[in-house]
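start_21.tsv (TSV, C-alpha atoms) appears below.
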chain	number	residue	atom	x	y	z
A	1	MET	CA	0.00	0.00	0.00
A	2	THR	CA	1.27	3.48	-0.84
A	3	THR	CA	1.35	6.34	1.62
A	4	ALA	CA	-2.25	7.15	0.67
A	5	SER	CA	-4.46	4.73	-1.22
A	6	HIS	CA	-8.08	3.88	-1.78
A	7	SER	CA	-10.28	1.21	-3.29
A	8	ILE	CA	-13.97	0.98	-4.09
A	9	GLU	CA	-15.98	-2.24	-3.90
A	10	THR	CA	-19.67	-3.08	-4.19
A	11	SER	CA	-19.94	-4.94	-0.87
A	12	VAL	CA	-18.33	-5.06	2.55
A	13	ASP	CA	-17.31	-8.69	1.97
A	14	GLU	CA	-15.49	-7.83	-1.27
A	15	SER	CA	-13.71	-4.95	0.41
A	16	LEU	CA	-12.61	-7.05	3.39
A	17	ARG	CA	-11.51	-9.88	1.14
A	18	ALA	CA	-9.29	-7.52	-0.82
A	19	LEU	CA	-7.90	-5.87	2.31
A	20	LEU	CA	-7.11	-9.13	4.10
A	21	ASP	CA	-5.63	-10.91	1.10
A	22	GLY	CA	-2.03	-11.77	1.92
A	23	GLU	CA	-2.11	-10.14	5.35
A	24	VAL	CA	-0.27	-11.91	8.17
A	25	GLY	CA	0.47	-10.97	11.74
A	26	GLU	CA	-2.02	-9.32	14.08
A	27	ILE	CA	-4.87	-7.10	12.90
A	28	LEU	CA	-7.17	-4.86	14.89
A	29	ALA	CA	-10.70	-4.69	13.45
A	30	VAL	CA	-12.60	-1.80	15.04
A	31	ASN	CA	-16.29	-0.85	15.01
A	32	PHE	CA	-17.45	-3.43	12.49
A	33	SER	CA	-21.16	-3.61	11.67
A	34	GLU	CA	-23.15	-6.84	11.89
A	35	GLN	CA	-22.69	-7.41	8.16
A	36	ALA	CA	-18.96	-6.72	8.30
A	37	THR	CA	-18.56	-9.02	11.32
A	38	SER	CA	-20.34	-11.83	9.49
A	39	GLY	CA	-18.15	-11.27	6.42
A	40	LEU	CA	-15.00	-11.25	8.54
A	41	VAL	CA	-15.87	-14.61	10.13
A	42	GLU	CA	-16.58	-16.13	6.72
A	43	ILE	CA	-13.35	-14.83	5.20
A	44	LEU	CA	-11.21	-16.02	8.12
A	45	THR	CA	-12.84	-19.45	7.90
A	46	GLU	CA	-12.08	-19.73	4.19
A	47	SER	CA	-8.47	-18.56	4.43
A	48	GLU	CA	-5.75	-21.19	4.39
A	49	GLU	CA	-3.37	-18.85	6.23
A	50	SER	CA	-5.36	-16.37	8.29
A	51	PRO	CA	-4.02	-13.40	10.21
A	52	GLU	CA	-4.80	-13.12	13.91
A	53	VAL	CA	-7.69	-10.69	14.28
A	54	ARG	CA	-8.74	-8.82	17.39
A	55	LEU	CA	-12.32	-7.66	16.84
A	56	LEU	CA	-13.46	-4.70	18.93
A	57	VAL	CA	-17.12	-3.79	18.40
A	58	ASP	CA	-20.22	-2.64	20.24
A	59	GLU	CA	-21.68	-5.27	22.55
A	60	ASP	CA	-24.93	-5.29	20.52
A	61	VAL	CA	-23.00	-6.61	17.51
A	62	LEU	CA	-21.58	-9.46	19.57
A	63	LYS	CA	-25.03	-10.29	20.95
A	64	TRP	CA	-26.29	-10.37	17.36
A	65	LEU	CA	-23.45	-12.71	16.47
A	66	ARG	CA	-24.31	-15.00	19.40
A	67	ASP	CA	-27.97	-15.20	18.37
A	68	ASP	CA	-27.11	-17.19	15.22
A	69	PHE	CA	-25.76	-20.63	16.08
A	70	VAL	CA	-24.29	-21.19	12.62
A	71	LEU	CA	-22.31	-17.95	12.70
A	72	ALA	CA	-21.47	-18.09	16.42
A	73	SER	CA	-20.25	-21.71	16.31
A	74	THR	CA	-18.05	-20.81	13.34
A	75	ALA	CA	-16.66	-17.83	15.23
A	76	ALA	CA	-16.09	-20.10	18.24
A	77	GLU	CA	-14.06	-22.36	15.97
A	78	LEU	CA	-11.83	-19.42	15.04
A	79	ILE	CA	-11.51	-18.40	18.69
A	80	GLU	CA	-10.42	-21.91	19.69
A	81	ALA	CA	-7.87	-21.86	16.87
A	82	GLU	CA	-6.56	-18.52	18.22
A	83	ILE	CA	-7.31	-16.82	14.91
A	84	LEU	CA	-10.00	-14.53	16.33
A	85	GLU	CA	-10.47	-12.67	19.61
A	86	ILE	CA	-13.55	-10.62	20.41
A	87	ARG	CA	-14.19	-7.84	22.89
A	88	ALA	CA	-16.99	-5.38	23.52
A	89	ALA	CA	-15.96	-1.74	23.44
A	90	THR	CA	-16.35	0.23	26.65
A	91	GLU	CA	-16.23	3.58	24.90
A	92	ASP	CA	-18.00	5.03	21.87
A	93	LEU	CA	-16.54	3.98	18.52
A	94	GLU	CA	-16.82	6.29	15.53
A	95	ASN	CA	-14.78	4.98	12.60
A	96	THR	CA	-14.65	1.50	11.11
A	97	LEU	CA	-10.96	0.59	10.92
A	98	LEU	CA	-8.53	-2.16	10.02
A	99	VAL	CA	-5.18	-1.60	11.72
A	100	THR	CA	-2.32	-3.88	10.64
A	101	ASP	CA	1.39	-3.77	11.43
A	102	GLU	CA	1.99	-1.50	8.45
A	103	THR	CA	-1.31	0.14	7.48
A	104	VAL	CA	-4.42	1.85	8.78
A	105	VAL	CA	-7.53	1.55	6.62
A	106	SER	CA	-10.82	3.34	7.18
A	107	ILE	CA	-13.87	1.60	5.69
A	108	ILE	CA	-16.70	3.86	4.55
A	109	ILE	CA	-20.09	2.78	3.18
A	110	SER	CA	-21.98	5.23	0.99
A	111	GLU	CA	-24.79	4.79	-1.54
A	112	GLY	CA	-24.26	1.07	-1.95
A	113	LEU	CA	-20.49	1.32	-2.40
A	114	VAL	CA	-17.72	0.50	0.07
A	115	GLY	CA	-14.64	2.69	0.12
A	116	ALA	CA	-11.36	1.74	1.79
A	117	LEU	CA	-9.11	4.71	2.48
A	118	GLY	CA	-5.68	3.79	3.80
A	119	THR	CA	-2.21	4.96	4.67
A	120	ASP	CA	1.08	3.28	5.46
A	121	ASP	CA	2.69	6.36	7.01
A	122	ALA	CA	4.81	4.73	9.73
A	123	GLU	CA	4.30	7.43	12.37
A	124	PHE	CA	0.54	7.48	11.85
A	125	VAL	CA	0.28	3.69	11.88
A	126	GLU	CA	2.28	3.41	15.08
A	127	ALA	CA	0.09	6.01	16.79
A	128	ALA	CA	-3.09	4.30	15.60
A	129	ARG	CA	-1.93	0.87	16.80
A	130	GLU	CA	-1.01	2.29	20.18
A	131	ARG	CA	-4.36	4.07	20.48
A	132	TRP	CA	-6.55	1.11	19.46
A	133	SER	CA	-4.49	-1.47	21.32
A	134	SER	CA	-5.15	0.57	24.45
A	135	VAL	CA	-8.89	0.67	23.72
A	136	TRP	CA	-8.80	-3.08	23.06
A	137	GLU	CA	-7.14	-3.74	26.42
A	138	GLY	CA	-9.89	-1.74	28.09
A	139	GLY	CA	-12.64	-3.66	26.30
A	140	ASP	CA	-14.86	-6.24	27.98
A	141	LYS	CA	-14.34	-9.93	27.26
A	142	PHE	CA	-17.46	-11.45	25.71
A	143	ASP	CA	-18.60	-15.04	26.06
A	144	LEU	CA	-20.31	-16.41	22.95
A	145	ARG	CA	-21.66	-19.29	25.05
A	146	THR	CA	-21.52	-21.35	21.87
A	147	PRO	CA	-19.35	-24.42	21.24
A	148	ALA	CA	-17.18	-24.70	18.15
A	149	ARG	CA	-19.14	-26.26	15.32
A	150	SER	CA	-16.63	-28.99	14.52
A	151	ARG	CA	-16.67	-30.10	18.15
A	152	VAL	CA	-20.49	-30.24	18.11
A	153	GLU	CA	-20.56	-32.29	14.92
A	154	GLN	CA	-17.77	-34.61	16.00
A	155	SER	CA	-19.46	-35.35	19.32
A	156	LEU	CA	-22.76	-35.97	17.53
A	157	GLY	CA	-21.05	-38.53	15.30
A	158	GLU	CA	-19.38	-40.20	18.26
A	159	GLU	CA	-22.67	-40.44	20.15
A	160	PHE	CA	-25.12	-41.31	17.37
A	161	GLY	CA	-23.12	-42.29	14.28
A	162	SER	CA	-21.79	-40.66	11.13
A	163	GLU	CA	-25.18	-40.49	9.37
A	164	VAL	CA	-26.67	-38.35	12.14
A	165	GLU	CA	-23.58	-36.14	12.09
A	166	SER	CA	-23.69	-35.64	8.31
A	167	ASP	CA	-27.46	-34.98	8.37
A	168	PHE	CA	-27.06	-32.35	11.10
A	169	GLN	CA	-24.28	-30.68	9.12
A	170	ALA	CA	-26.31	-30.75	5.90
A	171	VAL	CA	-29.37	-29.15	7.49
A	172	LEU	CA	-27.33	-26.36	9.11
A	173	ASP	CA	-25.55	-25.71	5.81
A	174	SER	CA	-28.90	-25.58	4.04
A	175	LEU	CA	-30.33	-23.16	6.60
A	176	GLY	CA	-27.30	-20.88	6.51
A	177	SER	CA	-28.59	-19.15	9.65
A	178	THR	CA	-30.60	-20.10	12.73
A	179	ARG	CA	-31.51	-16.51	13.53
A	180	ASP	CA	-35.18	-17.06	12.62
A	181	GLU	CA	-36.16	-19.32	15.51
A	182	THR	CA	-39.78	-19.47	14.30
A	183	VAL	CA	-38.59	-21.92	11.61
A	184	LEU	CA	-35.60	-23.89	12.92
A	185	ASP	CA	-32.83	-23.16	15.37
A	186	GLU	CA	-29.97	-25.44	16.39
A	187	VAL	CA	-32.16	-27.29	18.90
A	188	GLY	CA	-34.94	-27.81	16.38
A	189	VAL	CA	-32.43	-29.09	13.84
A	190	SER	CA	-31.01	-31.52	16.40
A	191	LEU	CA	-34.47	-32.83	17.28
A	192	LEU	CA	-35.66	-33.24	13.69
A	193	VAL	CA	-32.47	-35.00	12.63
A	194	ALA	CA	-32.79	-37.24	15.69
A	195	ALA	CA	-36.41	-37.95	14.75
A	196	ARG	CA	-35.39	-38.94	11.22
A	197	HIS	CA	-33.18	-41.55	12.88
A	198	GLU	CA	-35.72	-42.38	15.63
A	199	LYS	CA	-33.42	-41.50	18.51
A	200	LEU	CA	-34.53	-41.00	22.11
A	201	LEU	CA	-35.34	-37.52	23.39
A	202	TYR	CA	-33.35	-38.25	26.57
A	203	ASP	CA	-30.23	-39.11	24.58
A	204	ILE	CA	-30.29	-36.14	22.21
A	205	SER	CA	-31.11	-33.64	24.98
A	206	LYS	CA	-28.36	-35.03	27.20
A	207	TRP	CA	-25.94	-34.73	24.28
A	208	GLY	CA	-27.08	-31.15	23.70
A	209	GLU	CA	-26.54	-30.15	27.31
A	210	ASP	CA	-23.17	-31.93	27.55
A	211	THR	CA	-21.83	-30.19	24.44
A	212	GLY	CA	-23.18	-26.75	25.35
A	213	VAL	CA	-25.73	-26.52	22.52
A	214	ALA	CA	-28.64	-25.96	24.94
A	215	SER	CA	-30.06	-27.18	28.22
A	216	LYS	CA	-32.28	-30.24	28.57
A	217	ALA	CA	-35.13	-27.87	29.45
A	218	THR	CA	-34.67	-26.01	26.15
A	219	PHE	CA	-34.72	-29.30	24.25
A	220	SER	CA	-37.91	-30.29	26.07
A	221	ARG	CA	-39.64	-26.97	25.32
A	222	THR	CA	-38.61	-27.10	21.68
A	223	LYS	CA	-39.82	-30.70	21.40
A	224	THR	CA	-43.23	-29.62	22.72
A	225	ARG	CA	-43.40	-26.73	20.23
A	226	LEU	CA	-42.47	-28.95	17.29
A	227	GLU	CA	-45.10	-31.49	18.40
A	228	GLU	CA	-47.75	-28.76	18.53
A	229	GLN	CA	-46.72	-27.70	15.02
A	230	GLY	CA	-47.09	-31.26	13.76
A	231	LEU	CA	-43.41	-31.63	12.92
A	232	LEU	CA	-42.61	-34.20	15.61
A	233	GLU	CA	-44.29	-37.14	17.26
A	234	THR	CA	-43.12	-39.31	20.14
A	235	GLU	CA	-43.72	-42.85	21.31
A	236	LYS	CA	-43.02	-44.28	24.74
A	237	VAL	CA	-40.19	-46.78	25.10
A	238	PRO	CA	-40.30	-48.85	28.31
A	239	ILE	CA	-37.11	-49.17	30.33
A	240	ASP	CA	-36.25	-51.55	33.18
A	241	ILE	CA	-36.37	-48.92	35.92
A	242	GLY	CA	-38.12	-45.59	35.97
A	243	ARG	CA	-40.45	-43.75	33.62
A	244	PRO	CA	-40.56	-44.73	29.93
A	245	ARG	CA	-38.33	-42.76	27.58
A	246	LEU	CA	-39.69	-40.98	24.50
A	247	ARG	CA	-38.58	-41.97	21.02
A	248	LEU	CA	-38.61	-39.10	18.53
A	249	LEU	CA	-40.46	-39.57	15.23
A	250	VAL	CA	-41.16	-37.17	12.38
A	251	GLY	CA	-44.71	-35.85	12.40
A	252	ASP	CA	-45.21	-35.78	8.65
A	253	GLU	CA	-44.03	-38.32	6.12
A	254	ARG	CA	-42.71	-35.53	3.89
A	255	LEU	CA	-40.07	-34.85	6.54
A	256	ARG	CA	-38.90	-38.45	6.24
A	257	GLU	CA	-39.02	-38.66	2.44
A	258	ALA	CA	-37.32	-35.34	1.67
A	259	ASP	CA	-33.63	-35.17	0.85
A	260	ILE	CA	-31.85	-33.99	3.97
A	261	GLU	CA	-30.82	-30.68	2.35
A	262	GLU	CA	-34.50	-29.97	1.64
A	263	LEU	CA	-35.61	-30.43	5.23
A	264	PRO	CA	-35.73	-26.69	6.10
A	265	SER	CA	-37.84	-25.87	3.03
A	266	VAL	CA	-40.25	-28.74	3.84
A	267	VAL	CA	-40.55	-27.43	7.41
A	268	TRP	CA	-41.32	-23.97	6.04
A	269	GLU	CA	-43.98	-25.37	3.72
A	270	LEU	CA	-45.62	-27.32	6.51
A	271	LEU	CA	-45.63	-24.35	8.88
A	272	SER	CA	-46.99	-22.05	6.17
A	273	ALA	CA	-49.87	-24.45	5.60
A	274	VAL	CA	-50.95	-24.38	9.25
A	275	PRO	CA	-53.95	-22.02	9.76
A	276	ALA	CA	-53.14	-18.90	11.81
Please render this file's structure as structure tokens.
Amino acid sequence: MTTASHSIETSVDESLRALLDGEVGEILAVNFSEQATSGLVEILTESEESPEVRLLVDEDVLKWLRDDFVLASTAAELIEAEILEIRAATEDLENTLLVTDETVVSIIISEGLVGALGTDDAEFVEAARERWSSVWEGGDKFDLRTPARSRVEQSLGEEFGSEVESDFQAVLDSLGSTRDETVLDEVGVSLLVAARHEKLLYDISKWGEDTGVASKATFSRTKTRLEEQGLLETEKVPIDIGRPRLRLLVGDERLREADIEELPSVVWELLSAVPA
């Protein structure tokens, strides 16, 4: 990058991809929007050799990130790999910045275009890194409360077999986001995949609690909601001691017959057909 440079892209993702291409070392990402944060996570996941990124944003952005299991579990993967760190800012942030070892870039969005205005002036870069490193140190640590996705999928395979693991992965990939909980979230996906394989509610909810996906109570509430919507059914399975366990079954044959990638669209069709 020259002493002063700029680039114009049509999306935040394109701009970030161009800015991060070939970057190594430690980068400070400051005041990213929800869209930019999502793009950053995706780009870091795709990169074969990612820089280490310290993301400093408003707490509301991190809460938004946490609300989507697909995105949050991917971010958790990057955090475990020590590629990404996140903190909530404790002071007002004004500019959206990328601060590397050698450059400072300001990202500006205007009328559907994304401008990146940067400098590699050594004195300015040093001052900016010192300033934003200090703000980073004063930021609040933020707990995503979400396990890394690979760990979730691996444990699912170990507990229930590779077919259940691959089906869970396929449905999440097809959804792309679990932000709209009125359709399917991570718990609903787990239950429907378990129902396709006729697993026990006790087993899948215990797995979910052990891995940090959700509590047994959340699995129970979601099971009840899916039953009321006609997506799930259960049958009692006697055991030697104690109350019978519940086996999960799909509530509509279309959920069994559909290709696994089509499961979310079938759920949407079934829910849309239910009278208000």
CA of Leu175 (chain A) to CA of Leu16 (chain A), straight-line distance in Å: 24.2 Å
Top pick for closest residue to Asp92 (chain A), considering A:Val267, A:Val53, A:Val30, A:Leu40 and counting only C-alpha atoms: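 Ranked by minimum distance to Asp92 (chain A), first place goes to A:Val30.
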Test item: residues at most 10 Å from Ser33 (chain A), only C-alpha atoms, excluding those fewer than 4 positions along its chain, as a PyMOL selection string: chain A and resi 12+37-39+57-58+60-62+96
Would you export the selected residues with C-alpha atoms as a PDB file, keeping the file's coordinate frame, please?
ATOM      1  CA  VAL A  12     -18.330  -5.060   2.550  1.00  0.00           C
ATOM      2  CA  THR A  37     -18.560  -9.020  11.320  1.00  0.00           C
ATOM      3  CA  SER A  38     -20.340 -11.830   9.490  1.00  0.00           C
ATOM      4  CA  GLY A  39     -18.150 -11.270   6.420  1.00  0.00           C
ATOM      5  CA  VAL A  57     -17.120  -3.790  18.400  1.00  0.00           C
ATOM      6  CA  ASP A  58     -20.220  -2.640  20.240  1.00  0.00           C
ATOM      7  CA  ASP A  60     -24.930  -5.290  20.520  1.00  0.00           C
ATOM      8  CA  VAL A  61     -23.000  -6.610  17.510  1.00  0.00           C
ATOM      9  CA  LEU A  62     -21.580  -9.460  19.570  1.00  0.00           C
ATOM     10  CA  THR A  96     -14.650   1.500  11.110  1.00  0.00           C
TER      11      THR A  96
END
Spatial neighbours of Glu46 (chain A), max dist 12 Å, all atoms listed in the file, sep filter under 2 positions, as a list in words: Arg17, Leu20, Asp21, Gly39, Leu40, Val41, Glu42, Ile43, Leu44, Glu48, Glu49, Ser50, Pro51, Thr74 and Leu78 of chain A
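Going from CA of Leu71 (chain A) to CA of Leu200 (chain A) covers 27.7 Å.
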Shell of 9 Å around Lys223 (chain A), only C-alpha atoms, local chain residues under 5 positions omitted, as a list in words: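 Here the answer would be Val187, Gly188, Leu191, Leu201, Thr218, Glu228, Leu232, Glu233 and Leu248 of chain A.
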Contacts of Ala127 (chain A) within 12 Å, all atoms listed in the file, excl. fewer than 6 positions in-chain, as number ranges by chain: A: 99-104, 120-121, 133-134
Distance criterion (all atoms listed in the file): nearest to Arg66 (chain A) out of A:Leu263, A:Leu93, A:Ala116, A:Leu144: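 Of the candidates, the smallest distance to Arg66 (chain A) is held by A:Leu144.
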Contacts of Leu271 (chain A) at 12 Å (only C-alpha atoms; same-chain gap of 4+ positions) as a PyMOL selection string: chain A and resi 182-184+225-231+252+264-267+275-276
Atomic separation - CA of Leu270 (chain A) relative to CA of Gly212 (chain A), Å: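 Separation of CA of Gly212 (chain A) and CA of Leu270 (chain A): 29.3 Å.
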Counting only C-alpha atoms, the residue of A:Asp180, A:Glu26, A:Asp203, A:Glu9 that sits nearest Leu98 (chain A):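 Of the candidates, the smallest distance to Leu98 (chain A) is held by A:Glu26.
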Which of A:Glu52, A:Glu158, A:Glu186, A:Glu235 sits closest to Thr222 (chain A) [using all atoms listed in the file]: A:Glu186
A:Glu198, A:Ala258, A:Gly161, A:Lys216 ranked by distance to Thr234 (chain A), top pick (using all atoms listed in the file): A:Glu198
Within-12 Å shell of (-16.6, -4.6, -3.7) in input frame, all atoms listed in the file, as a PyMOL selection string: chain A and resi 7-19+107-109+112-116
Report the closest atom pair, with its distance in Å rounded to one decimal, for each residue of region 27-90 of chain A that has an atom no farther than 9 Å from region 149-157 of chain A; count only C-alpha atoms, sort by chain and then rising residue number, and write it as CSV.
residue,atom,partner,partner_atom,distance
A:Phe69,CA,A:Arg149,CA,8.7
A:Val70,CA,A:Arg149,CA,7.7
A:Ala72,CA,A:Arg149,CA,8.6
A:Ser73,CA,A:Arg149,CA,4.8
A:Thr74,CA,A:Arg149,CA,5.9
A:Ala75,CA,A:Arg149,CA,8.8
A:Ala76,CA,A:Arg149,CA,7.5
A:Glu77,CA,A:Arg149,CA,6.4
Using C-alpha atoms, can you export the residues from the last selection as a PDB file, in the frame of the given file?
ATOM      1  CA  PHE A  69     -25.760 -20.630  16.080  1.00  0.00           C
ATOM      2  CA  VAL A  70     -24.290 -21.190  12.620  1.00  0.00           C
ATOM      3  CA  ALA A  72     -21.470 -18.090  16.420  1.00  0.00           C
ATOM      4  CA  SER A  73     -20.250 -21.710  16.310  1.00  0.00           C
ATOM      5  CA  THR A  74     -18.050 -20.810  13.340  1.00  0.00           C
ATOM      6  CA  ALA A  75     -16.660 -17.830  15.230  1.00  0.00           C
ATOM      7  CA  ALA A  76     -16.090 -20.100  18.240  1.00  0.00           C
ATOM      8  CA  GLU A  77     -14.060 -22.360  15.970  1.00  0.00           C
TER       9      GLU A  77
END
Which of A:Thr45, A:Ser110, A:Asp185, A:Ile79 sits closest to Ala214 (chain A) [using all atoms listed in the file]: A:Asp185
